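Structure file start_0.txt; described as compact mmCIF, C-alpha atoms.
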```txt
# COMPACT_ATOMS: atom_id res chain seq x y z
CA MET E 14 0.00 0.00 0.00
CA ALA E 15 1.51 3.32 -1.08
CA ARG E 16 0.74 6.05 1.45
CA ARG E 17 3.28 8.68 0.51
CA LEU E 18 2.07 12.22 -0.06
CA PRO E 19 3.74 15.57 -0.56
CA SER E 20 3.97 17.60 2.63
CA LEU E 21 0.98 19.68 3.70
CA ARG E 22 2.59 22.90 2.49
CA GLU E 23 3.59 21.29 -0.81
CA MET E 24 0.00 20.21 -1.39
CA ILE E 25 -1.30 23.72 -0.65
CA ARG E 26 1.25 25.20 -3.06
CA ALA E 27 0.32 22.72 -5.80
CA LEU E 28 -3.42 23.38 -5.44
CA ILE E 29 -3.01 27.16 -5.52
CA ALA E 30 -0.75 26.84 -8.59
CA ARG E 31 -3.59 25.25 -10.59
CA PRO E 32 -6.05 28.01 -11.58
CA SER E 33 -9.71 26.97 -11.30
CA VAL E 34 -11.68 30.20 -11.44
CA SER E 35 -15.43 29.86 -11.84
CA CYS E 36 -17.39 32.87 -12.99
CA THR E 37 -20.74 33.70 -14.55
CA ASP E 38 -18.78 35.67 -17.16
CA PRO E 39 -17.43 33.15 -19.73
CA ARG E 40 -14.36 35.33 -20.27
CA PHE E 41 -13.04 34.44 -16.83
CA ASP E 42 -14.50 30.96 -16.32
CA GLN E 43 -12.03 28.06 -16.23
CA PRO E 44 -12.15 24.25 -15.90
CA ASN E 45 -11.33 22.72 -12.52
CA ARG E 46 -10.19 19.35 -13.86
CA ALA E 47 -6.50 19.96 -13.10
CA VAL E 48 -7.35 20.34 -9.41
CA ILE E 49 -9.68 17.33 -9.43
CA ASP E 50 -7.08 15.11 -11.11
CA LEU E 51 -4.43 16.13 -8.59
CA LEU E 52 -6.74 15.40 -5.64
CA ALA E 53 -7.62 12.05 -7.22
CA GLU E 54 -3.92 11.17 -7.52
CA TRP E 55 -3.28 11.97 -3.87
CA ALA E 56 -6.42 10.18 -2.69
CA GLU E 57 -5.49 7.05 -4.64
CA ALA E 58 -2.07 7.13 -2.99
CA LEU E 59 -3.93 6.73 0.32
CA ASP E 60 -6.00 3.84 -1.06
CA PHE E 61 -9.22 5.86 -1.42
CA ARG E 62 -11.63 4.48 -4.00
CA VAL E 63 -11.87 7.38 -6.43
CA ALA E 64 -14.78 8.33 -8.68
CA ILE E 65 -14.77 11.42 -10.91
CA GLN E 66 -18.15 12.83 -11.95
CA PRO E 67 -17.74 14.80 -15.22
CA LEU E 68 -19.77 17.98 -15.61
CA ALA E 69 -19.98 20.49 -18.46
CA ASP E 70 -17.17 22.69 -19.80
CA GLY E 71 -14.23 20.76 -18.37
CA LYS E 72 -15.64 20.75 -14.84
CA ALA E 73 -15.90 17.73 -12.55
CA ASN E 74 -16.67 16.55 -9.03
CA LEU E 75 -14.57 14.06 -7.08
CA ILE E 76 -16.06 11.53 -4.68
CA ALA E 77 -13.43 9.40 -2.94
CA SER E 78 -14.06 6.86 -0.18
CA LEU E 79 -11.89 4.98 2.28
CA GLY E 80 -12.80 2.11 4.55
CA PRO E 81 -15.92 -0.09 4.53
CA THR E 82 -18.24 0.07 1.55
CA GLU E 83 -21.57 -0.34 3.34
CA ARG E 84 -24.04 2.52 3.24
CA GLY E 85 -24.65 4.90 6.11
CA GLY E 86 -22.92 5.87 9.31
CA GLY E 87 -19.75 7.43 7.92
CA LEU E 88 -18.37 10.94 7.49
CA ALA E 89 -18.01 13.13 4.40
CA LEU E 90 -15.48 15.97 4.31
CA SER E 91 -16.48 18.29 1.48
CA GLY E 92 -15.33 21.45 -0.23
CA HIS E 93 -15.29 23.31 -3.54
CA THR E 94 -12.28 23.35 -5.82
CA ASP E 95 -13.03 26.64 -7.60
CA THR E 96 -12.09 30.19 -6.70
CA VAL E 97 -13.47 33.59 -7.61
CA PRO E 98 -11.68 35.72 -10.22
CA CYS E 99 -8.93 38.01 -8.95
CA ASP E 100 -7.16 41.28 -9.76
CA PRO E 101 -3.46 40.29 -9.92
CA ASP E 102 -2.34 43.93 -10.09
CA ARG E 103 -3.84 44.53 -6.64
CA TRP E 104 -1.97 41.65 -5.02
CA HIS E 105 1.45 42.01 -3.42
CA SER E 106 2.43 38.60 -4.84
CA ASP E 107 1.35 36.24 -7.63
CA PRO E 108 -2.16 34.98 -6.68
CA PHE E 109 -1.29 31.55 -8.12
CA THR E 110 1.94 31.15 -6.16
CA ALA E 111 1.66 30.29 -2.48
CA VAL E 112 3.82 32.68 -0.47
CA GLU E 113 4.52 32.01 3.20
CA LYS E 114 5.38 35.03 5.32
CA ASP E 115 4.29 36.80 8.50
CA GLY E 116 2.67 33.63 9.82
CA ARG E 117 0.40 33.29 6.78
CA ILE E 118 0.12 31.44 3.48
CA TYR E 119 -0.95 33.89 0.77
CA GLY E 120 -2.56 32.78 -2.47
CA LEU E 121 -5.89 32.60 -4.30
CA GLY E 122 -7.85 29.82 -2.61
CA SER E 123 -5.57 29.62 0.42
CA ALA E 124 -8.54 30.26 2.71
CA ASP E 125 -11.47 29.78 0.35
CA MET E 126 -10.86 26.91 0.18
CA LYS E 127 -8.17 24.78 -1.47
CA SER E 128 -6.11 24.39 1.70
CA PHE E 129 -8.95 22.38 3.22
CA PHE E 130 -8.22 19.48 0.87
CA ALA E 131 -4.57 19.45 1.87
CA LEU E 132 -5.59 19.40 5.53
CA VAL E 133 -8.01 16.50 4.94
CA LEU E 134 -5.50 14.44 3.01
CA SER E 135 -2.78 15.14 5.56
CA ALA E 136 -5.08 13.95 8.35
CA ALA E 137 -6.14 10.91 6.28
CA SER E 138 -2.52 9.90 5.73
CA GLU E 139 -2.26 9.23 9.47
CA ILE E 140 -5.20 6.77 9.40
CA ASP E 141 -4.81 3.02 9.15
CA PRO E 142 -7.73 2.05 6.87
CA ALA E 143 -8.02 -1.23 8.74
CA THR E 144 -9.23 0.72 11.79
CA LEU E 145 -12.15 2.29 9.95
CA ARG E 146 -15.50 0.83 11.01
CA ARG E 147 -17.45 3.19 8.76
CA PRO E 148 -16.62 4.97 5.49
CA LEU E 149 -14.67 8.22 5.18
CA LEU E 150 -15.57 10.29 2.10
CA LEU E 151 -13.68 13.13 0.46
CA VAL E 152 -15.97 15.23 -1.76
CA ALA E 153 -14.63 17.97 -4.05
CA THR E 154 -17.04 20.01 -6.15
CA ALA E 155 -17.05 22.50 -9.03
CA ASP E 156 -18.55 25.95 -9.47
CA GLU E 157 -19.58 26.81 -5.91
CA GLU E 158 -18.54 30.41 -6.58
CA SER E 159 -20.89 30.76 -9.55
CA SER E 160 -23.74 28.32 -10.21
CA MET E 161 -23.42 25.66 -7.47
CA ALA E 162 -23.50 23.21 -10.40
CA GLY E 163 -21.17 20.75 -8.69
CA ALA E 164 -23.19 20.45 -5.48
CA LYS E 165 -26.45 20.31 -7.42
CA ALA E 166 -25.09 17.43 -9.53
CA LEU E 167 -24.23 15.21 -6.56
CA LEU E 168 -26.46 12.17 -6.33
CA PRO E 169 -27.99 10.72 -3.16
CA GLU E 170 -26.20 7.40 -3.67
CA GLN E 171 -22.82 9.16 -3.83
CA LEU E 172 -23.21 10.47 -0.29
CA ALA E 173 -25.18 7.47 1.01
CA PRO E 174 -22.17 6.03 2.91
CA ALA E 175 -22.04 9.16 5.08
CA ARG E 176 -24.24 9.98 8.03
CA CYS E 177 -22.63 13.40 8.51
CA CYS E 178 -20.84 15.98 6.39
CA VAL E 179 -18.48 18.81 7.31
CA ILE E 180 -17.89 21.50 4.68
CA GLY E 181 -14.53 23.15 5.19
CA GLU E 182 -15.35 26.74 4.27
CA PRO E 183 -13.33 29.36 6.18
CA THR E 184 -15.20 29.94 9.46
CA GLY E 185 -12.32 30.80 11.78
CA LEU E 186 -12.54 27.21 13.15
CA ARG E 187 -16.02 27.92 14.49
CA PRO E 188 -18.82 25.50 13.58
CA ILE E 189 -21.66 27.03 11.58
CA ARG E 190 -25.06 25.34 11.69
CA MET E 191 -27.12 28.04 9.95
CA HIS E 192 -26.72 30.48 7.12
CA LYS E 193 -28.95 32.74 5.09
CA GLY E 194 -29.97 31.97 1.54
CA VAL E 195 -29.06 33.99 -1.54
CA MET E 196 -31.37 35.23 -4.29
CA MET E 197 -30.39 37.56 -7.13
CA GLU E 198 -33.17 38.87 -9.37
CA SER E 199 -33.25 41.11 -12.42
CA ILE E 200 -36.24 43.45 -12.77
CA ARG E 201 -36.82 45.12 -16.14
CA VAL E 202 -39.27 47.87 -16.98
CA ARG E 203 -39.97 48.48 -20.67
CA GLY E 204 -41.32 51.89 -21.57
CA GLN E 205 -41.75 53.87 -24.76
CA THR E 206 -39.24 56.40 -25.99
CA GLY E 207 -40.15 59.86 -27.21
CA HIS E 208 -39.03 63.48 -27.18
CA SER E 209 -38.65 64.78 -23.63
CA SER E 210 -40.46 68.04 -24.52
CA ASP E 211 -43.79 66.19 -24.50
CA PRO E 212 -44.27 63.41 -21.89
CA ALA E 213 -47.38 62.22 -23.73
CA LEU E 214 -45.18 60.99 -26.58
CA GLY E 215 -43.81 58.10 -24.50
CA ALA E 216 -43.90 56.16 -21.25
CA ASN E 217 -40.94 56.65 -18.94
CA ALA E 218 -39.39 53.38 -17.76
CA ILE E 219 -37.48 55.16 -14.98
CA GLU E 220 -40.73 56.47 -13.55
CA GLY E 221 -42.14 52.95 -13.78
CA MET E 222 -39.07 51.64 -11.95
CA HIS E 223 -39.67 54.26 -9.25
CA ARG E 224 -42.96 52.54 -8.48
CA VAL E 225 -41.22 49.16 -8.49
CA ILE E 226 -38.56 50.36 -6.04
CA SER E 227 -41.18 51.81 -3.71
CA GLU E 228 -42.91 48.42 -3.65
CA LEU E 229 -39.61 46.60 -3.07
CA LEU E 230 -38.86 48.78 -0.05
CA ALA E 231 -42.34 48.07 1.29
CA ILE E 232 -41.78 44.31 0.80
CA ARG E 233 -38.42 44.56 2.58
CA GLU E 234 -40.00 46.30 5.56
CA GLU E 235 -42.77 43.71 5.77
CA LEU E 236 -40.33 40.78 5.58
CA GLN E 237 -38.13 42.30 8.28
CA GLU E 238 -41.12 42.79 10.54
CA ARG E 239 -42.26 39.20 10.01
CA TYR E 240 -38.94 37.31 10.13
CA ARG E 241 -36.19 37.69 12.73
CA ASP E 242 -33.51 35.37 14.11
CA PRO E 243 -31.16 36.75 16.78
CA ALA E 244 -28.58 34.04 16.00
CA PHE E 245 -27.50 36.15 13.01
CA ALA E 246 -25.40 39.32 13.31
CA VAL E 247 -27.95 40.89 10.95
CA PRO E 248 -31.05 39.24 12.43
CA VAL E 249 -33.47 40.03 9.59
CA PRO E 250 -33.65 39.17 5.89
CA THR E 251 -31.96 41.78 3.73
CA LEU E 252 -32.94 43.15 0.32
CA ASN E 253 -30.28 45.19 -1.47
CA LEU E 254 -30.87 47.37 -4.54
CA GLY E 255 -27.53 46.51 -6.12
CA ALA E 256 -27.41 48.00 -9.63
CA ILE E 257 -29.66 50.11 -11.82
CA HIS E 258 -29.35 51.18 -15.46
CA GLY E 259 -31.80 53.13 -17.56
CA GLY E 260 -32.07 55.62 -20.37
CA ASP E 261 -29.46 57.02 -22.70
CA ASN E 262 -29.91 60.79 -22.97
CA PRO E 263 -31.51 63.62 -20.95
CA ASN E 264 -33.71 64.74 -23.82
CA ARG E 265 -35.24 61.31 -24.52
CA ILE E 266 -38.03 59.65 -22.57
CA CYS E 267 -36.46 56.55 -21.08
CA GLY E 268 -37.58 53.38 -22.85
CA HIS E 269 -35.83 50.76 -20.68
CA CYS E 270 -34.69 50.47 -17.08
CA GLU E 271 -33.17 47.45 -15.31
CA LEU E 272 -32.61 46.87 -11.58
CA SER E 273 -30.66 44.00 -9.99
CA ILE E 274 -31.43 43.05 -6.39
CA ASP E 275 -29.93 40.68 -3.83
CA LEU E 276 -32.25 39.10 -1.25
CA ARG E 277 -30.89 37.09 1.71
CA PRO E 278 -33.66 35.01 3.32
CA LEU E 279 -33.45 33.47 6.78
CA PRO E 280 -33.96 29.75 7.46
CA GLY E 281 -37.66 29.01 7.15
CA MET E 282 -38.13 31.34 4.19
CA ASP E 283 -38.67 29.55 0.88
CA ILE E 284 -36.99 30.94 -2.25
CA GLY E 285 -39.81 29.84 -4.54
CA GLU E 286 -42.42 31.54 -2.39
CA LEU E 287 -40.35 34.72 -2.27
CA ARG E 288 -40.04 34.79 -6.06
CA SER E 289 -43.80 34.37 -6.39
CA LEU E 290 -44.34 37.18 -3.90
CA LEU E 291 -42.04 39.53 -5.81
CA LYS E 292 -43.75 38.87 -9.13
CA GLN E 293 -47.22 39.26 -7.67
CA ARG E 294 -46.56 42.46 -5.74
CA LEU E 295 -44.48 44.14 -8.44
CA GLY E 296 -47.10 43.22 -11.02
CA GLN E 297 -49.72 44.95 -8.87
CA ALA E 298 -47.49 48.01 -8.44
CA LEU E 299 -46.88 48.27 -12.17
CA PRO E 300 -49.78 46.66 -14.06
CA ALA E 301 -49.03 45.63 -17.63
CA SER E 302 -50.07 48.10 -20.32
CA PRO E 303 -49.30 48.58 -24.03
CA ARG E 304 -46.83 51.34 -23.16
CA LEU E 305 -45.25 50.03 -19.95
CA GLY E 306 -44.20 46.44 -19.26
CA LEU E 307 -42.51 44.55 -16.42
CA SER E 308 -40.45 41.35 -16.24
CA VAL E 309 -38.78 39.67 -13.26
CA GLU E 310 -36.10 37.04 -13.90
CA SER E 311 -33.72 35.13 -11.65
CA LEU E 312 -30.02 35.71 -12.28
CA PHE E 313 -29.27 32.18 -10.98
CA GLY E 314 -31.08 29.36 -9.26
CA GLY E 315 -30.40 30.69 -5.80
CA VAL E 316 -28.98 29.17 -2.63
CA PRO E 317 -31.55 28.13 -0.04
CA ALA E 318 -31.10 29.07 3.60
CA PHE E 319 -29.55 26.31 5.70
CA GLU E 320 -30.10 25.06 9.22
CA THR E 321 -29.03 22.03 11.23
CA ARG E 322 -30.59 21.55 14.65
CA ALA E 323 -28.63 22.92 17.60
CA ASP E 324 -28.89 19.55 19.37
CA ALA E 325 -27.74 17.48 16.37
CA ASP E 326 -24.93 15.05 17.16
CA LEU E 327 -22.61 16.57 14.55
CA VAL E 328 -23.17 20.09 15.88
CA ARG E 329 -22.31 18.99 19.41
CA SER E 330 -19.27 17.04 18.22
CA CYS E 331 -17.95 20.04 16.29
CA GLU E 332 -18.52 22.31 19.28
CA HIS E 333 -16.61 19.90 21.52
CA LEU E 334 -13.68 19.54 19.13
CA SER E 335 -13.43 23.24 18.22
CA HIS E 336 -14.16 24.57 21.74
CA ALA E 337 -16.54 27.04 20.09
CA ARG E 338 -20.30 27.40 20.12
CA ALA E 339 -22.01 26.80 16.78
CA GLY E 340 -23.24 29.96 15.12
CA ALA E 341 -24.82 31.48 12.03
CA VAL E 342 -23.45 33.45 9.07
CA SER E 343 -24.95 35.53 6.28
CA PHE E 344 -22.92 34.09 3.39
CA GLY E 345 -24.11 31.04 1.45
CA THR E 346 -22.46 27.62 1.04
CA GLU E 347 -23.17 24.22 -0.49
CA ALA E 348 -24.61 23.05 2.84
CA PRO E 349 -28.32 23.16 1.88
CA PHE E 350 -27.69 21.02 -1.20
CA LEU E 351 -25.71 18.41 0.72
CA SER E 352 -28.12 18.32 3.64
CA ARG E 353 -30.97 17.69 1.18
CA LEU E 354 -29.14 14.50 0.16
CA GLY E 355 -29.80 13.16 3.65
CA VAL E 356 -26.59 13.94 5.53
CA GLU E 357 -26.37 15.99 8.73
CA THR E 358 -24.23 18.98 7.78
CA VAL E 359 -22.06 21.58 9.53
CA VAL E 360 -19.73 24.19 8.00
CA LEU E 361 -16.34 24.38 9.74
CA GLY E 362 -12.90 25.25 8.45
CA ALA E 363 -9.63 27.11 8.81
CA GLY E 364 -9.18 30.70 7.70
CA HIS E 365 -11.55 33.63 7.86
CA ILE E 366 -14.26 34.61 5.40
CA GLU E 367 -13.07 38.22 5.72
CA GLN E 368 -9.93 37.26 3.77
CA ALA E 369 -11.86 35.58 0.95
CA HIS E 370 -12.70 37.21 -2.40
CA GLN E 371 -10.13 39.99 -2.02
CA PRO E 372 -6.47 40.70 -2.81
CA ASP E 373 -3.83 39.04 -0.63
CA GLU E 374 -6.13 36.24 0.56
CA TYR E 375 -4.36 34.20 3.20
CA LEU E 376 -4.57 31.23 5.55
CA PRO E 377 -3.19 31.81 9.08
CA LEU E 378 -0.53 29.20 9.86
CA GLU E 379 -1.80 29.08 13.43
CA HIS E 380 -5.00 27.47 12.12
CA ILE E 381 -3.27 24.44 10.58
CA GLU E 382 -2.70 22.35 13.71
CA PRO E 383 -6.09 22.96 15.36
CA ALA E 384 -7.88 22.35 12.04
CA THR E 385 -6.02 19.07 11.58
CA ALA E 386 -6.84 18.08 15.16
CA ILE E 387 -10.55 18.75 14.56
CA LEU E 388 -10.47 16.61 11.41
CA ARG E 389 -8.73 13.79 13.27
CA GLY E 390 -11.34 13.99 16.01
CA LEU E 391 -14.23 13.87 13.53
CA VAL E 392 -12.78 10.84 11.75
CA GLU E 393 -12.23 9.11 15.09
CA ARG E 394 -15.82 9.71 16.21
CA TYR E 395 -17.66 8.93 12.99
CA CYS E 396 -15.41 6.41 11.26
CA VAL E 397 -13.23 4.65 13.87
CA ALA E 398 -15.00 4.58 17.25
CA PRO E 399 -17.86 2.17 17.94
CA ALA E 400 -21.11 3.48 16.52
CA PRO E 401 -22.49 6.32 18.68
```
In structure tokens, write the structure found in this file.
Amino acid sequence: MARRLPSLREMIRALIARPSVSCTDPRFDQPNRAVIDLLAEWAEALDFRVAIQPLADGKANLIASLGPTERGGGLALSGHTDTVPCDPDRWHSDPFTAVEKDGRIYGLGSADMKSFFALVLSAASEIDPATLRRPLLLVATADEESSMAGAKALLPEQLAPARCCVIGEPTGLRPIRMHKGVMMESIRVRGQTGHSSDPALGANAIEGMHRVISELLAIREELQERYRDPAFAVPVPTLNLGAIHGGDNPNRICGHCELSIDLRPLPGMDIGELRSLLKQRLGQALPASPRLGLSVESLFGGVPAFETRADADLVRSCEHLSHARAGAVSFGTEAPFLSRLGVETVVLGAGHIEQAHQPDEYLPLEHIEPATAILRGLVERYCVAPAP
């Protein structure tokens, strides 16, 4: 049995050196297969049974398992292999070269979240597979930063060997059992152009959008009065008016106006119901007419809100191992998609979300040992120890 791996730092450097940007803009989107193939090579060196799930456009998921093959009872350690785009000219070093200095490892994906795979494999290299009573899974997905296509493509039977799943997003080593959902909608108002000297010649799309915005602010106020969860730093759902574009010249009646919004629902709020509410209320605020029209379209499928019970075994285990109380965050993850496949899910990883998606992203070196210890403890509880 070959169980030789590069060192932890060498694995982090190799993962960062393989670009795997995912982006809704095709100009910046890249395959992740180079990262998947490298993880598969390392996993096979540890005697994992490796399966690669091809997706579109050179993307793929990896599902690797170690130990018994029976279904249920085991542990999945999951993460995404892609990163966001970056602005190399704003970095103090090459984003695709891991640089260690000042007690940190700098590089694109160092925190969010390529280093997690190196930590998992390093911890797995210390395991004697013969001691595993239940399966250990390593799951690596594509396109979390754009479409969530990788997580959405996972099949129930692929995660069936696992009872629990820990997603290694950067949480400062604090377990996260809840997060808000993410919706992004595009609202378009079509008017009729005409000379600005006579308003009767047209129908102003900006004025129509004014009515739409007034209704959106009323909806936001109603949602925030109805829904509240003090576990979140921002305890109410948020609705942000993110971008607006309309018209082309001061002396023309505006014929088209578009608004993009971001809505972050709390657990218990259904994305489909919210979309129906928006279309109904905005349609009432701006009834269709021959001169003024309205359309509401989703910019992507959305990420549902996520919640695992506070008294769930995995939550309590993560709290015990991390010495931190489980909390809630406002950013979205793959957790709702994995939990819907029937596995109890918690988000917990090294690094801080504040360092993600910005120049000079880094992983604190001081997080490496405690993160590895948490992973060892999870494997011991869910894969090695007698069944709880």
### Task
Quick one: pull the distance between CA of Ile366 in chain E and CA of Thr346 in chain E, Å, one decimal.
11.6 Å
### Query
Contacts of range 382-391 of chain E at 10 Å or less, counting only C-alpha atoms, minus same-chain residues fewer than 4 places along, as a ChimeraX atom specification?
/E:88-90,129,131-137,139-140,177-179,181,185-186,327,330-336,361-364,378,395-397
### Query
Do you know which residues are at most 7 Å from Ala216 in chain E counting all atoms listed in the file, after dropping those on the same chain fewer than 3 positions away, and could you put them as an NGL selection string?
:E and (204-206 or 266 or 304-305)
### Task
Enter the distance from CA of Ile76 in chain E to CA of Leu51 in chain E, in Å, rounded to one decimal.
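So the two atoms, CA of Ile76 in chain E and CA of Leu51 in chain E, lie 13.1 Å apart.
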### Query
What lies within 6 Å of range 188-198 of chain E using only C-alpha atoms, ignoring chain neighbours under 2 positions off, as a list in words?
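The residues that qualify are Ser273, Ile274, Asp275, Leu276, Arg277, Pro278, Leu279, Glu310, Ser311, Leu312, Gly315, Val316, Pro317, Ala318, Phe319, Glu320, Thr321, Ala339, Gly340, Ala341, Val342, Ser343, Gly345, Val359, Val360 and Leu361 of chain E.
Each of E:Ile29, E:Val225, E:Ala337, E:Leu151 was checked against Lys292 in chain E using all atoms listed in the file; the smallest atom-to-atom distance is that of E:Val225.
CA of Gly281 in chain E sits 26.1 Å away from CA of Thr154 in chain E.
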My structure is short of atoms at range 342-359 of chain E; please model N, CA and C atoms there, returning them as a JSON list (two decimals), keeping the file's coordinate frame.
```
[["chain", "number", "residue", "atom", "x", "y", "z"],
["E", 342, "VAL", "N", -24.11, 32.46, 9.93],
["E", 342, "VAL", "CA", -23.45, 33.45, 9.07],
["E", 342, "VAL", "C", -24.41, 33.88, 7.97],
["E", 343, "SER", "N", -24.08, 34.99, 7.34],
["E", 343, "SER", "CA", -24.95, 35.53, 6.28],
["E", 343, "SER", "C", -24.55, 35.08, 4.89],
["E", 344, "PHE", "N", -23.33, 34.52, 4.72],
["E", 344, "PHE", "CA", -22.92, 34.09, 3.39],
["E", 344, "PHE", "C", -23.43, 32.68, 3.12],
["E", 345, "GLY", "N", -23.57, 32.33, 1.84],
["E", 345, "GLY", "CA", -24.11, 31.04, 1.45],
["E", 345, "GLY", "C", -23.02, 30.02, 1.19],
["E", 346, "THR", "N", -23.37, 28.74, 1.31],
["E", 346, "THR", "CA", -22.46, 27.62, 1.04],
["E", 346, "THR", "C", -23.22, 26.51, 0.33],
["E", 347, "GLU", "N", -22.54, 25.40, 0.11],
["E", 347, "GLU", "CA", -23.17, 24.22, -0.49],
["E", 347, "GLU", "C", -23.98, 23.41, 0.52],
["E", 348, "ALA", "N", -23.99, 23.84, 1.78],
["E", 348, "ALA", "CA", -24.61, 23.05, 2.84],
["E", 348, "ALA", "C", -26.07, 22.67, 2.56],
["E", 349, "PRO", "N", -26.93, 23.58, 2.09],
["E", 349, "PRO", "CA", -28.32, 23.16, 1.88],
["E", 349, "PRO", "C", -28.48, 22.06, 0.84],
["E", 350, "PHE", "N", -27.60, 22.05, -0.17],
["E", 350, "PHE", "CA", -27.69, 21.02, -1.20],
["E", 350, "PHE", "C", -27.23, 19.67, -0.67],
["E", 351, "LEU", "N", -26.19, 19.67, 0.16],
["E", 351, "LEU", "CA", -25.71, 18.41, 0.72],
["E", 351, "LEU", "C", -26.66, 17.88, 1.80],
["E", 352, "SER", "N", -27.20, 18.78, 2.61],
["E", 352, "SER", "CA", -28.12, 18.32, 3.64],
["E", 352, "SER", "C", -29.39, 17.73, 3.03],
["E", 353, "ARG", "N", -29.80, 18.24, 1.86],
["E", 353, "ARG", "CA", -30.97, 17.69, 1.18],
["E", 353, "ARG", "C", -30.73, 16.28, 0.66],
["E", 354, "LEU", "N", -29.46, 15.87, 0.58],
["E", 354, "LEU", "CA", -29.14, 14.50, 0.16],
["E", 354, "LEU", "C", -29.18, 13.54, 1.34],
["E", 355, "GLY", "N", -29.57, 14.04, 2.52],
["E", 355, "GLY", "CA", -29.80, 13.16, 3.65],
["E", 355, "GLY", "C", -28.67, 13.06, 4.64],
["E", 356, "VAL", "N", -27.69, 13.98, 4.57],
["E", 356, "VAL", "CA", -26.59, 13.94, 5.53],
["E", 356, "VAL", "C", -26.67, 15.15, 6.46],
["E", 357, "GLU", "N", -26.43, 14.91, 7.73],
["E", 357, "GLU", "CA", -26.37, 15.99, 8.73],
["E", 357, "GLU", "C", -25.14, 16.84, 8.43],
["E", 358, "THR", "N", -25.29, 18.14, 8.33],
["E", 358, "THR", "CA", -24.23, 18.98, 7.78],
["E", 358, "THR", "C", -23.89, 20.14, 8.70],
["E", 359, "VAL", "N", -22.58, 20.41, 8.82],
["E", 359, "VAL", "CA", -22.06, 21.58, 9.53],
["E", 359, "VAL", "C", -20.96, 22.18, 8.66]]
```
